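Shown next: start-v2.cif, given as mmCIF, C-alpha atoms.
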data_input
#
loop_
_atom_site.label_atom_id
_atom_site.label_comp_id
_atom_site.auth_asym_id
_atom_site.auth_seq_id
_atom_site.Cartn_x
_atom_site.Cartn_y
_atom_site.Cartn_z
CA MET A 1 86.01 92.09 126.93
CA ASN A 2 83.69 94.43 128.77
CA LYS A 3 80.75 92.61 130.32
CA VAL A 4 77.71 94.79 130.85
CA ARG A 5 76.49 94.64 134.44
CA ILE A 6 72.77 94.78 135.24
CA ILE A 7 72.36 96.83 138.41
CA PRO A 8 69.05 97.29 140.22
CA LYS A 9 68.97 100.50 142.24
CA LEU A 10 67.14 100.53 145.56
CA GLU A 11 66.23 103.95 146.93
CA ILE A 12 65.54 103.84 150.64
CA LYS A 13 63.57 106.27 152.77
CA ASN A 14 63.37 105.41 156.44
CA SER A 15 62.95 101.63 156.19
CA HIS A 16 61.02 101.57 152.93
CA LEU A 17 61.93 100.95 149.35
CA ILE A 18 60.55 103.97 147.51
CA LYS A 19 60.33 105.19 143.94
CA GLY A 20 59.57 108.63 142.55
CA LEU A 21 59.25 110.41 139.23
CA GLN A 22 62.14 112.72 138.37
CA TYR A 23 63.28 112.39 142.01
CA GLU A 24 59.94 113.69 143.29
CA GLY A 25 56.53 112.29 144.31
CA LEU A 26 58.06 109.42 146.19
CA ARG A 27 55.85 106.43 146.88
CA LYS A 28 56.41 103.33 148.94
CA VAL A 29 57.14 100.17 146.98
CA GLY A 30 57.81 97.62 149.69
CA ASP A 31 60.43 96.02 151.89
CA PRO A 32 63.93 96.54 150.42
CA ILE A 33 65.15 93.27 151.93
CA ASP A 34 62.64 91.22 149.90
CA PHE A 35 63.46 93.09 146.70
CA ALA A 36 67.22 92.70 147.14
CA LYS A 37 66.82 88.97 147.70
CA LYS A 38 64.70 88.60 144.57
CA TYR A 39 67.19 90.55 142.45
CA TYR A 40 70.04 88.40 143.71
CA GLU A 41 68.13 85.21 142.90
CA ASP A 42 67.25 86.61 139.46
CA GLY A 43 70.91 87.13 138.61
CA ALA A 44 71.65 90.82 139.26
CA ASP A 45 75.38 91.55 138.90
CA GLN A 46 75.48 94.18 141.62
CA ILE A 47 72.98 96.07 143.78
CA ASN A 48 73.15 99.82 144.42
CA ILE A 49 71.44 101.12 147.53
CA ILE A 50 70.81 104.83 148.03
CA ASP A 51 69.60 106.35 151.29
CA ILE A 52 67.70 109.35 149.97
CA VAL A 53 67.04 111.00 153.33
CA SER A 54 70.30 110.23 155.07
CA SER A 55 69.54 112.28 158.13
CA LEU A 56 71.17 111.47 161.45
CA TYR A 57 67.87 110.19 162.77
CA THR A 58 67.27 107.61 160.05
CA ARG A 59 70.87 106.49 159.63
CA ASP A 60 70.56 103.50 161.95
CA ASN A 61 67.65 102.19 159.86
CA LEU A 62 69.92 102.11 156.84
CA TYR A 63 72.66 100.19 158.66
CA GLU A 64 70.10 97.67 159.86
CA ILE A 65 68.66 97.21 156.36
CA ILE A 66 72.08 96.72 154.77
CA ASP A 67 72.97 94.24 157.49
CA LYS A 68 69.83 92.18 156.85
CA ILE A 69 70.13 92.37 153.06
CA THR A 70 73.69 91.10 153.03
CA ASP A 71 73.33 87.97 155.16
CA ASN A 72 72.63 85.87 152.09
CA ILE A 73 73.64 87.92 149.08
CA PHE A 74 76.99 87.27 147.49
CA ILE A 75 77.26 89.96 144.83
CA PRO A 76 78.71 93.48 145.24
CA ILE A 77 76.63 95.85 147.34
CA CYS A 78 77.35 99.56 146.74
CA VAL A 79 75.85 102.06 149.14
CA GLY A 80 75.42 105.82 148.89
CA GLY A 81 73.46 108.73 150.29
CA GLY A 82 74.74 111.14 152.89
CA ILE A 83 78.25 109.74 153.24
CA LYS A 84 80.30 112.57 154.71
CA LYS A 85 82.92 110.98 156.92
CA ILE A 86 85.33 108.06 156.92
CA GLU A 87 83.53 106.68 159.99
CA ASN A 88 80.27 106.45 157.97
CA ILE A 89 82.14 104.21 155.53
CA VAL A 90 83.66 101.98 158.22
CA LYS A 91 80.19 101.46 159.66
CA LEU A 92 78.78 100.59 156.22
CA LEU A 93 81.53 98.02 155.66
CA ASP A 94 80.67 96.48 159.04
CA CYS A 95 77.08 96.11 157.84
CA GLY A 96 77.83 94.52 154.49
CA ALA A 97 78.62 97.26 151.96
CA ASP A 98 81.46 96.47 149.56
CA ARG A 99 81.88 99.86 147.89
CA VAL A 100 80.57 103.41 148.36
CA ILE A 101 78.73 105.83 146.12
CA ILE A 102 79.49 109.52 146.59
CA ASN A 103 77.76 112.56 145.08
CA SER A 104 77.14 115.69 147.17
CA GLU A 105 80.15 115.46 149.45
CA ALA A 106 82.48 115.42 146.43
CA PHE A 107 81.28 118.98 145.71
CA ARG A 108 81.31 120.17 149.32
CA ASN A 109 84.66 118.77 150.34
CA LYS A 110 87.11 118.45 147.46
CA GLU A 111 89.58 116.48 149.63
CA PHE A 112 87.07 113.79 150.52
CA ILE A 113 87.70 111.59 147.48
CA ASN A 114 91.45 111.60 148.11
CA ASP A 115 90.91 110.89 151.80
CA ILE A 116 88.76 107.86 150.97
CA GLY A 117 91.28 106.74 148.34
CA ASN A 118 94.20 106.88 150.77
CA ILE A 119 92.47 104.49 153.14
CA PHE A 120 90.26 102.27 150.99
CA GLY A 121 91.85 102.72 147.55
CA LYS A 122 90.44 104.80 144.70
CA GLN A 123 88.85 101.74 143.06
CA PHE A 124 86.47 101.59 146.04
CA ILE A 125 84.64 104.80 145.08
CA SER A 126 81.77 105.26 142.65
CA ILE A 127 80.99 108.86 141.83
CA SER A 128 77.30 109.37 141.22
CA ILE A 129 76.18 112.25 139.03
CA GLU A 130 72.59 113.48 139.10
CA ALA A 131 72.27 115.18 135.72
CA LYS A 132 69.43 117.57 134.98
CA LYS A 133 68.88 119.57 131.81
CA PHE A 134 68.43 123.36 131.92
CA ASN A 135 68.34 125.29 128.62
CA ASN A 136 69.81 122.35 126.76
CA GLU A 137 72.79 122.02 129.11
CA TYR A 138 73.23 119.26 131.67
CA TYR A 139 74.04 120.34 135.21
CA CYS A 140 75.06 118.32 138.27
CA MET A 141 72.48 118.27 141.03
CA MET A 142 73.08 117.29 144.63
CA ASP A 143 71.14 116.25 147.72
CA HIS A 144 69.04 113.79 145.73
CA GLY A 145 68.22 116.22 142.93
CA ARG A 146 67.18 119.02 145.26
CA GLU A 147 70.01 121.46 144.69
CA ASN A 148 71.81 122.63 141.55
CA THR A 149 75.60 122.80 141.90
CA ASN A 150 75.72 125.03 138.77
CA ILE A 151 78.53 122.82 137.51
CA LYS A 152 78.08 121.38 134.03
CA VAL A 153 78.15 117.61 133.74
CA ASN A 154 80.87 117.51 131.08
CA GLU A 155 83.18 119.68 133.22
CA TRP A 156 82.59 117.57 136.31
CA VAL A 157 83.17 114.34 134.39
CA LYS A 158 86.53 115.68 133.19
CA TYR A 159 87.50 116.54 136.76
CA ILE A 160 86.35 113.19 138.17
CA ASN A 161 88.09 111.30 135.39
CA LYS A 162 91.41 112.83 136.51
CA LEU A 163 90.84 111.73 140.11
CA GLY A 164 90.87 108.12 138.92
CA VAL A 165 87.88 106.72 140.81
CA GLY A 166 86.37 103.23 140.39
CA GLU A 167 83.48 104.25 138.20
CA ILE A 168 81.06 107.01 137.30
CA ILE A 169 77.32 106.40 137.67
CA ILE A 170 75.40 108.91 135.62
CA ASN A 171 71.74 109.36 136.57
CA SER A 172 69.25 111.29 134.49
CA VAL A 173 66.98 113.20 136.87
CA ASP A 174 64.65 114.11 133.99
CA ASN A 175 64.16 110.49 132.91
CA ASP A 176 64.02 109.00 136.42
CA GLY A 177 60.92 106.82 136.84
CA MET A 178 59.54 107.88 133.43
CA GLU A 179 60.29 104.55 131.74
CA SER A 180 60.82 106.41 128.45
CA GLY A 181 64.34 105.12 127.86
CA PHE A 182 67.83 106.06 129.00
CA ASP A 183 68.86 109.61 128.10
CA LEU A 184 70.96 108.91 125.01
CA SER A 185 72.19 112.48 124.60
CA LEU A 186 73.49 112.31 128.17
CA ILE A 187 75.27 109.04 127.36
CA ARG A 188 76.84 110.71 124.30
CA LEU A 189 78.19 113.47 126.51
CA LEU A 190 80.46 110.98 128.27
CA ASP A 191 81.91 109.37 125.14
CA ASN A 192 85.40 107.95 125.06
CA ASN A 193 87.12 110.73 126.98
CA THR A 194 86.48 108.84 130.17
CA LYS A 195 88.81 106.05 131.23
CA CYS A 196 86.92 104.43 134.07
CA PRO A 197 83.85 102.20 133.88
CA ILE A 198 80.59 104.08 133.26
CA VAL A 199 77.14 103.12 134.53
CA ILE A 200 74.04 104.74 133.10
CA SER A 201 70.89 105.09 135.17
CA GLY A 202 67.40 106.51 134.82
CA GLY A 203 64.58 105.93 132.37
CA ALA A 204 64.64 102.26 131.41
CA GLY A 205 61.12 101.03 130.69
CA ASN A 206 61.45 98.10 128.34
CA PHE A 207 63.91 95.65 126.86
CA ASN A 208 64.81 97.83 123.86
CA HIS A 209 65.87 100.65 126.15
CA PHE A 210 68.50 98.39 127.66
CA LEU A 211 69.56 97.08 124.28
CA GLU A 212 70.01 100.54 122.71
CA ALA A 213 72.19 101.68 125.62
CA THR A 214 74.54 98.74 125.07
CA LYS A 215 75.37 100.11 121.60
CA PHE A 216 77.65 102.57 123.36
CA ASP A 217 80.71 100.42 123.92
CA TYR A 218 81.97 102.50 126.85
CA ILE A 219 78.92 101.70 128.98
CA SER A 220 79.81 98.96 131.46
CA GLY A 221 76.67 98.95 133.55
CA LEU A 222 72.94 99.53 133.15
CA SER A 223 71.07 100.58 136.26
CA ALA A 224 67.31 100.72 136.69
CA SER A 225 64.71 100.68 139.42
CA SER A 226 61.00 101.08 138.59
CA VAL A 227 61.07 98.67 135.66
CA PHE A 228 62.35 95.97 138.05
CA HIS A 229 60.40 97.03 141.15
CA PHE A 230 57.06 96.97 139.31
CA ASN A 231 57.95 93.67 137.69
CA LYS A 232 57.81 94.89 134.09
CA ILE A 233 61.06 93.13 133.31
CA ASN A 234 62.63 90.24 135.14
CA ILE A 235 66.44 90.44 135.38
CA LEU A 236 66.84 86.80 134.37
CA ASP A 237 64.85 87.36 131.15
CA LEU A 238 66.60 90.66 130.47
CA LYS A 239 70.06 89.09 130.64
CA LYS A 240 68.96 86.20 128.46
CA SER A 241 67.47 88.50 125.81
CA LEU A 242 70.56 90.73 125.83
CA LYS A 243 72.73 87.68 125.36
CA ASP A 244 70.54 86.50 122.48
CA ASN A 245 71.25 89.91 120.94
CA LYS A 246 74.99 89.32 121.25
CA VAL A 247 75.51 91.60 124.23
CA ASN A 248 78.34 90.44 126.46
CA THR A 249 76.54 89.86 129.77
CA VAL A 250 77.77 88.30 133.00
CA GLU A 251 76.96 84.61 133.31
CA MET B 1 87.58 73.38 160.79
CA LYS B 2 87.84 76.99 161.94
CA ALA B 3 88.71 79.98 159.79
CA THR B 4 89.94 83.19 161.36
CA ILE B 5 89.55 86.46 159.48
CA LEU B 6 92.09 89.17 160.30
CA ASN B 7 90.12 92.42 160.37
CA LEU B 8 92.14 95.48 159.39
CA GLY B 9 89.22 97.86 159.89
CA ILE B 10 89.17 98.80 156.19
CA ASN B 11 87.89 95.56 154.65
CA ASN B 12 84.43 94.56 153.45
CA ILE B 13 84.36 92.58 156.65
CA LYS B 14 80.69 91.67 156.87
CA SER B 15 80.71 90.32 153.31
CA ILE B 16 83.64 87.99 153.82
CA ARG B 17 82.31 86.87 157.20
CA SER B 18 78.84 86.03 155.76
CA ALA B 19 80.42 84.06 152.93
CA MET B 20 82.76 82.13 155.23
CA GLU B 21 79.94 81.30 157.64
CA LYS B 22 78.28 79.41 154.79
CA ILE B 23 81.32 77.17 154.64
CA CYS B 24 82.79 76.58 158.10
CA GLU B 25 83.12 77.91 161.63
CA THR B 26 84.37 81.47 161.32
CA GLU B 27 85.69 84.09 163.67
CA VAL B 28 86.84 87.66 163.13
CA VAL B 29 89.75 89.03 165.15
CA SER B 30 90.87 92.66 165.30
CA ASN B 31 94.31 92.29 166.85
CA LYS B 32 96.97 89.74 167.73
CA ASN B 33 95.68 89.23 171.29
CA GLU B 34 92.32 88.01 170.02
CA PHE B 35 94.01 85.44 167.78
CA THR B 36 94.14 82.03 169.40
CA ASN B 37 94.05 78.93 167.25
CA ALA B 38 92.95 78.79 163.65
CA ASP B 39 93.02 76.09 161.02
CA ILE B 40 92.83 78.66 158.25
CA VAL B 41 93.77 82.34 158.24
CA ILE B 42 91.93 84.77 155.94
CA LEU B 43 93.44 88.08 154.87
CA PRO B 44 90.41 89.93 153.54
CA GLY B 45 90.29 92.42 150.69
CA ASN B 46 89.74 96.09 150.08
CA GLY B 47 91.91 99.01 151.13
CA SER B 48 95.02 100.80 149.96
CA PHE B 49 98.36 98.99 150.24
CA GLY B 50 99.90 101.58 152.58
CA LYS B 51 96.95 101.65 154.95
CA GLY B 52 96.76 97.85 154.90
CA ILE B 53 100.38 97.43 156.03
CA GLU B 54 99.97 100.17 158.63
CA GLU B 55 96.98 98.36 160.14
CA ILE B 56 98.73 94.97 160.02
CA ASN B 57 101.64 96.38 162.03
CA LYS B 58 99.45 98.33 164.42
CA ARG B 59 97.34 95.26 165.20
CA GLY B 60 100.33 92.93 165.55
CA PHE B 61 99.19 90.77 162.65
CA ASP B 62 102.60 90.75 160.91
CA SER B 63 103.88 87.99 163.21
CA VAL B 64 100.54 86.14 163.10
CA ILE B 65 100.71 85.98 159.30
CA LYS B 66 104.42 85.11 159.14
CA ASP B 67 104.21 82.41 161.84
CA SER B 68 101.07 80.90 160.32
CA TYR B 69 102.64 80.80 156.89
CA LEU B 70 105.93 79.33 158.06
CA CYS B 71 104.28 76.58 160.12
CA GLY B 72 102.32 75.51 157.03
CA LYS B 73 98.88 76.74 158.00
CA LYS B 74 96.59 77.47 155.07
CA ILE B 75 96.32 81.20 154.38
CA ILE B 76 93.82 82.70 151.94
CA GLY B 77 94.46 86.26 150.73
CA ILE B 78 91.78 88.16 148.87
CA CYS B 79 92.49 91.22 146.70
CA LEU B 80 94.51 93.53 149.01
CA GLY B 81 95.08 90.49 151.25
CA LEU B 82 97.03 88.92 148.38
CA GLN B 83 98.88 92.13 147.46
CA LEU B 84 100.12 92.65 151.05
CA MET B 85 102.14 89.40 150.78
CA MET B 86 104.44 90.93 148.15
CA ASN B 87 107.63 93.00 148.65
CA THR B 88 106.31 96.41 147.53
CA SER B 89 103.47 98.12 145.67
CA GLU B 90 103.33 100.99 143.21
CA GLU B 91 100.24 102.16 145.10
CA SER B 92 102.26 103.11 148.20
CA GLN B 93 105.88 103.19 147.09
CA GLU B 94 107.56 104.04 150.38
CA ILE B 95 105.87 101.17 152.24
CA LYS B 96 107.33 97.67 152.56
CA GLY B 97 105.00 94.71 152.15
CA LEU B 98 105.12 91.46 154.12
CA GLY B 99 107.55 90.06 151.56
CA LEU B 100 106.45 86.43 151.92
CA ILE B 101 106.07 86.22 148.15
CA ASP B 102 108.94 87.55 146.07
CA GLY B 103 107.65 90.16 143.62
CA ILE B 104 105.85 93.46 143.36
CA VAL B 105 102.37 94.90 142.97
CA SER B 106 102.08 97.12 139.90
CA ARG B 107 99.46 99.27 138.27
CA ILE B 108 97.45 97.41 135.65
CA ASN B 109 98.39 98.49 132.17
CA ASP B 110 96.03 97.11 129.56
CA GLU B 111 94.89 99.35 126.72
CA SER B 112 91.95 97.08 125.93
CA LEU B 113 90.31 97.73 129.30
CA ARG B 114 88.52 100.48 131.17
CA LEU B 115 90.36 100.84 134.46
CA PRO B 116 90.18 100.19 137.33
CA LEU B 117 88.88 96.69 136.90
CA LEU B 118 85.35 96.83 138.23
CA GLY B 119 82.96 94.09 137.37
CA TRP B 120 83.04 90.50 136.23
CA TYR B 121 85.90 89.11 134.15
CA ASP B 122 86.66 85.62 132.84
CA VAL B 123 89.40 83.78 134.69
CA LYS B 124 91.28 80.88 133.12
CA PHE B 125 92.92 78.42 135.51
CA LYS B 126 95.82 76.12 134.67
CA ASP B 127 95.07 72.40 134.48
CA GLY B 128 91.48 72.78 135.69
CA PHE B 129 92.66 73.94 139.12
CA PHE B 130 89.35 75.75 139.57
CA GLU B 131 86.39 76.27 137.26
CA ASN B 132 86.95 78.83 134.46
CA LYS B 133 84.21 81.38 135.10
CA SER B 134 83.54 85.10 135.58
CA TYR B 135 84.52 86.46 138.95
CA PHE B 136 84.10 89.91 140.48
CA PHE B 137 87.17 92.16 140.40
CA ASN B 138 87.70 95.68 141.73
CA ASN B 139 91.32 96.76 141.52
CA ASN B 140 93.79 99.19 139.96
CA TYR B 141 96.82 97.10 140.87
CA ALA B 142 97.80 93.46 140.46
CA VAL B 143 100.63 91.20 141.65
CA ASN B 144 103.69 90.21 139.61
CA PRO B 145 105.54 87.41 141.38
CA LYS B 146 109.15 86.87 140.26
CA ASP B 147 108.40 83.20 139.80
CA SER B 148 105.66 83.29 137.19
CA ARG B 149 104.87 79.62 137.83
CA LEU B 150 103.03 80.73 140.97
CA VAL B 151 100.32 82.26 138.77
CA ILE B 152 97.67 79.55 138.37
CA GLY B 153 94.76 81.73 137.23
CA LYS B 154 94.71 84.68 134.83
CA PHE B 155 92.39 87.24 133.33
CA ASN B 156 94.07 88.47 130.12
CA ASN B 157 97.64 88.89 131.36
CA ILE B 158 96.61 89.86 134.86
CA ALA B 159 97.38 87.47 137.71
CA ALA B 160 94.02 86.43 139.18
CA PHE B 161 95.04 83.48 141.37
CA ILE B 162 98.40 82.71 142.96
CA LYS B 163 99.47 79.69 144.93
CA GLN B 164 102.72 79.47 146.87
CA LYS B 165 102.91 76.42 149.14
CA ASN B 166 100.16 76.88 151.74
CA PHE B 167 99.21 80.40 150.57
CA TYR B 168 96.24 80.87 148.20
CA GLY B 169 95.73 84.37 146.81
CA PHE B 170 92.77 85.65 144.81
CA GLN B 171 92.94 89.02 143.07
CA PHE B 172 89.17 88.88 142.58
CA HIS B 173 86.54 88.60 145.31
CA PRO B 174 85.18 85.04 145.51
CA GLU B 175 82.92 86.15 148.37
CA LYS B 176 81.23 88.57 145.95
CA SER B 177 81.14 86.33 142.88
CA GLY B 178 77.77 84.71 143.44
CA LYS B 179 77.15 81.07 144.20
CA HIS B 180 80.11 79.82 142.18
CA GLY B 181 82.37 82.17 144.16
CA ILE B 182 81.26 80.56 147.41
CA GLU B 183 81.89 77.13 145.82
CA LEU B 184 85.41 78.19 144.92
CA LEU B 185 86.10 79.35 148.50
CA LYS B 186 84.74 76.07 149.80
CA LYS B 187 87.00 74.07 147.49
CA THR B 188 89.98 76.11 148.63
CA ILE B 189 89.19 75.53 152.29
CA TYR B 190 88.63 71.77 152.04
CA ARG B 191 91.40 71.17 149.53
#
Whole structure given in structure tokens:
Amino acid sequence: MNKVRIIPKLEIKNSHLIKGLQYEGLRKVGDPIDFAKKYYEDGADQINIIDIVSSLYTRDNLYEIIDKITDNIFIPICVGGGIKKIENIVKLLDCGADRVIINSEAFRNKEFINDIGNIFGKQFISISIEAKKFNNEYYCMMDHGRENTNIKVNEWVKYINKLGVGEIIINSVDNDGMESGFDLSLIRLLDNNTKCPIVISGGAGNFNHFLEATKFDYISGLSASSVFHFNKINILDLKKSLKDNKVNTVE
Amino acid sequence: MKATILNLGINNIKSIRSAMEKICETEVVSNKNEFTNADIVILPGNGSFGKGIEEINKRGFDSVIKDSYLCGKKIIGICLGLQLMMNTSEESQEIKGLGLIDGIVSRINDESLRLPLLGWYDVKFKDGFFENKSYFFNNNYAVNPKDSRLVIGKFNNIAAFIKQKNFYGFQFHPEKSGKHGIELLKKTIYR
């Protein structure tokens, strides 16, 4: 019954679409508005937008970009990066966001998720996890991979699972931009203990990478950026090939 | 034809406005005083049940919705906008809903699914009422009207589309379901 969503991820710095390697060495890719439009036309099932700077000074740029992106795009737009207050969320909804993605603030302010849930409903929240491996253990990073929370991914997933949020997006910092495949041992860490939808992100470089991730039946979304931004795979072709391989995609 | 969207301050308001503007003249109002004449009233989605009712009362929309419904004006409820029409919800148990549709909102209980619903699910409509397709859902709760004949569209056993007289309620988000979602909204408006 579970249809696998294909989710391009747009990382925004100031007004630019950017892409890095392992969350570092960021380079400009282009205008996020053009890319979002193309992904919509190509049949993306959702678009995730992350403001990776999210300082007070650049915040208005983000609102403006979301506003322009969403004039003609009729699929879910999920926005994250630097969301700390309910008023940030209200503003994002005014600009065209449909859901929010939270990482760092869930560590800093344990009440925040409940506060959002009481107003917007728990289904409205995606928790993003930035997983990075140290000595063969995965830890949760925050502030776009810059700071280690020293909390292990499996412990955090257990905690988040109890909160009952809309979904968990698990990003591999190590595989980000490497196009070497999704981190399968990270995917295995999540297994069937989780109840909510799970999206995996980071590392996709070719069609087989997507296909092998769909073998895990608890994965409900595949997120990628560089492979789409640099036109190595077209979303339309990807969905068609997955369907030809009997993957339940969205039509 | 003019559609008026009742903004509760917690909805995905830009998204529903952009979608409606593709179809007909659209205005967004934030309280009863801004509401003048409308051919169609839209109760948009997103938000918790308790907060939704609180905002409806605070903004004076309870009488707008009741009067519009009783005088036969077309009302379209999306997601939370549908749920608010019921008597009560398990999401906010101490809060009374608008009660214009007899029944409750209950937590989805389906072992075959990862919950909440988030993503695209196949909806089957009775008698070809609308096109059977995948639509975008994002909800933990769903409506259970006492009169099950009101349920015209379903995903598994979950009510996806309800019609009671001049009220049309979608549990999914047609405004976020791609081009065929916009088509479905258009058909509802010009029906």
Interface list for chain B, partner chain A, 6 Å threshold, all atoms listed in the file, as a PyMOL selection string = chain B and resi 12-15+18+47-48+51+114-116+139+176-178
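When CA of Lys240 (chain A) is paired with CA of Gly153 (chain B), their separation reads 27.6 Å.
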Determine the nearest neighbour of Asn140 (chain B) from the options A:Ala36, A:Ile235, A:Ile125, A:Val199, counting all atoms listed in the file.
-> A:Ile125
Which residues come within 10 Å of Gly52 (chain B), counting all atoms listed in the file, excluding same-chain residues fewer than 4 positions away, as number ranges by chain?
-> A: 119-120; B: 8-11, 45-48, 56-58, 80-81, 83-84, 97
note - CA of Gly203 (chain A) and CA of Ala224 (chain A) are separated by 7.3 Å
Quick one: of A:Lys9, A:Lys246, A:Lys162, A:Lys68, who's nearest to Ile47 (chain A), counting only C-alpha atoms?
-> A:Lys9
Please provide the set of residues having any atom within 8 Å of Ser172 (chain A), restricted to all atoms listed in the file, with same-chain residues fewer than 3 positions apart removed, written as a ChimeraX atom specification.
-> /A:130-132,175-176,182-183,186,201-203
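Nearest residue to Met141 (chain A), choosing from A:Glu179, A:Glu111, A:Asp31, A:Asp174 and counting all atoms listed in the file: A:Asp174.
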Within 7 Å of Phe161 (chain B), counting all atoms listed in the file, which residues qualify if same-chain residues fewer than 2 places away don't, as a ChimeraX atom specification?
-> /B:151-154,159,163,169-171
Of the listed residues B:Ile5, B:Lys96, B:Phe155, B:Gly50, that which approaches Phe125 (chain B) most closely, counting all atoms listed in the file | B:Phe155
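When the PyMOL selection byres ((chain B and resi 39) around 12) is run on the displayed coordinates, the residues it returns are Met1, Lys2, Ala3, Thr4, Ile5, Cys24, Glu25, Thr26, Glu27, Phe35, Thr36, Asn37, Ala38, Ile40, Val41, Ile42, Ser68, Tyr69, Cys71, Gly72, Lys73, Lys74, Ile75, Ile76, Asn166, Ile189 and Tyr190 of chain B.
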What does the PyMOL selection byres ((chain A and resi 139) around 6) select in this file, as a PyMOL selection string?
-> chain A and resi 131-132+138+140+151-153
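Note that the spacing between CA of Tyr141 (chain B) and CA of Asn109 (chain A) amounts to 26.6 Å.
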Report the centre and edge lengths, in Å to one decimal, of an axis-aligned box enclosing every atom of region 159-176 of chain B listed in the file, padded by 3 Å on each side, as lines of an AutoDock Vina configuration file.
center_x = 92.1
center_y = 82.7
center_z = 144.7
size_x = 27.7
size_y = 18.6
size_z = 20.0
Taking the file as shown, find all residues satisfying the PyMOL selection byres ((chain B and resi 186) around 10) and write them as a PyMOL selection string.
-> chain B and resi 19-20+22-24+174+180-185+187-191
Would you save the residues of that selection, restricted to C-alpha atoms, as a short mmCIF file (atom, residue, chain, number, x, y, z; two decimals), keeping the file's coordinate frame?
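File out-v3.cif, as written:
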data_model
loop_
_atom_site.label_atom_id
_atom_site.label_comp_id
_atom_site.auth_asym_id
_atom_site.auth_seq_id
_atom_site.Cartn_x
_atom_site.Cartn_y
_atom_site.Cartn_z
CA ALA B 19 80.42 84.06 152.93
CA MET B 20 82.76 82.13 155.23
CA LYS B 22 78.28 79.41 154.79
CA ILE B 23 81.32 77.17 154.64
CA CYS B 24 82.79 76.58 158.10
CA PRO B 174 85.18 85.04 145.51
CA HIS B 180 80.11 79.82 142.18
CA GLY B 181 82.37 82.17 144.16
CA ILE B 182 81.26 80.56 147.41
CA GLU B 183 81.89 77.13 145.82
CA LEU B 184 85.41 78.19 144.92
CA LEU B 185 86.10 79.35 148.50
CA LYS B 187 87.00 74.07 147.49
CA THR B 188 89.98 76.11 148.63
CA ILE B 189 89.19 75.53 152.29
CA TYR B 190 88.63 71.77 152.04
CA ARG B 191 91.40 71.17 149.53
#
Find, counting only C-alpha atoms, the residue in A:Lys85, A:His209, A:Lys133, A:His144 that gets nearest to Lys13 (chain A).
-> A:His144
Could you tell me, as a PDB file with C-alpha atoms, keeping the file's coordinate frame, which residues have any atom at most 8 Å from (76.6, 107.9, 152.7), counting only C-alpha atoms?
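This went into part_13.pdb:
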ATOM      1  CA  ASP A  51      69.600 106.350 151.290  1.00  0.00           C
ATOM      2  CA  SER A  54      70.300 110.230 155.070  1.00  0.00           C
ATOM      3  CA  VAL A  79      75.850 102.060 149.140  1.00  0.00           C
ATOM      4  CA  GLY A  80      75.420 105.820 148.890  1.00  0.00           C
ATOM      5  CA  GLY A  81      73.460 108.730 150.290  1.00  0.00           C
ATOM      6  CA  GLY A  82      74.740 111.140 152.890  1.00  0.00           C
ATOM      7  CA  ILE A  83      78.250 109.740 153.240  1.00  0.00           C
ATOM      8  CA  LYS A  84      80.300 112.570 154.710  1.00  0.00           C
ATOM      9  CA  ASN A  88      80.270 106.450 157.970  1.00  0.00           C
ATOM     10  CA  ILE A  89      82.140 104.210 155.530  1.00  0.00           C
ATOM     11  CA  VAL A 100      80.570 103.410 148.360  1.00  0.00           C
ATOM     12  CA  ILE A 101      78.730 105.830 146.120  1.00  0.00           C
ATOM     13  CA  ILE A 102      79.490 109.520 146.590  1.00  0.00           C
TER      14      ILE A 102
END
Identify, on the basis of only C-alpha atoms, every residue whose closest approach to Leu6 (chain B) does not exceed 8 Å; exclude the query and any residue fewer than 3 positions from it along the same chain; express the result as a tab-separated table (two decimals) with C-alpha atoms, in the coordinates of the input.
chain	number	residue	atom	x	y	z
B	28	VAL	CA	86.84	87.66	163.13
B	29	VAL	CA	89.75	89.03	165.15
B	30	SER	CA	90.87	92.66	165.30
B	31	ASN	CA	94.31	92.29	166.85
B	41	VAL	CA	93.77	82.34	158.24
B	42	ILE	CA	91.93	84.77	155.94
B	43	LEU	CA	93.44	88.08	154.87
B	44	PRO	CA	90.41	89.93	153.54
B	61	PHE	CA	99.19	90.77	162.65
Reconstruct N, CA and C atoms of region 209-214 of chain A; output as a PDB file, keeping the file's coordinate frame.
ATOM      1  N   HIS A 209      65.112  99.569 125.512  1.00  0.00           N
ATOM      2  CA  HIS A 209      65.870 100.650 126.150  1.00  0.00           C
ATOM      3  C   HIS A 209      67.232 100.156 126.643  1.00  0.00           C
ATOM      4  N   PHE A 210      67.232  98.965 127.202  1.00  0.00           N
ATOM      5  CA  PHE A 210      68.500  98.390 127.660  1.00  0.00           C
ATOM      6  C   PHE A 210      69.395  98.101 126.453  1.00  0.00           C
ATOM      7  N   LEU A 211      68.785  97.486 125.441  1.00  0.00           N
ATOM      8  CA  LEU A 211      69.560  97.080 124.280  1.00  0.00           C
ATOM      9  C   LEU A 211      70.204  98.286 123.587  1.00  0.00           C
ATOM     10  N   GLU A 212      69.434  99.379 123.438  1.00  0.00           N
ATOM     11  CA  GLU A 212      70.010 100.540 122.710  1.00  0.00           C
ATOM     12  C   GLU A 212      71.157 101.179 123.498  1.00  0.00           C
ATOM     13  N   ALA A 213      71.100 101.115 124.829  1.00  0.00           N
ATOM     14  CA  ALA A 213      72.190 101.680 125.620  1.00  0.00           C
ATOM     15  C   ALA A 213      73.476 100.866 125.494  1.00  0.00           C
ATOM     16  N   THR A 214      73.324  99.561 125.201  1.00  0.00           N
ATOM     17  CA  THR A 214      74.540  98.740 125.070  1.00  0.00           C
ATOM     18  C   THR A 214      75.285  99.009 123.758  1.00  0.00           C
TER      19      THR A 214
END
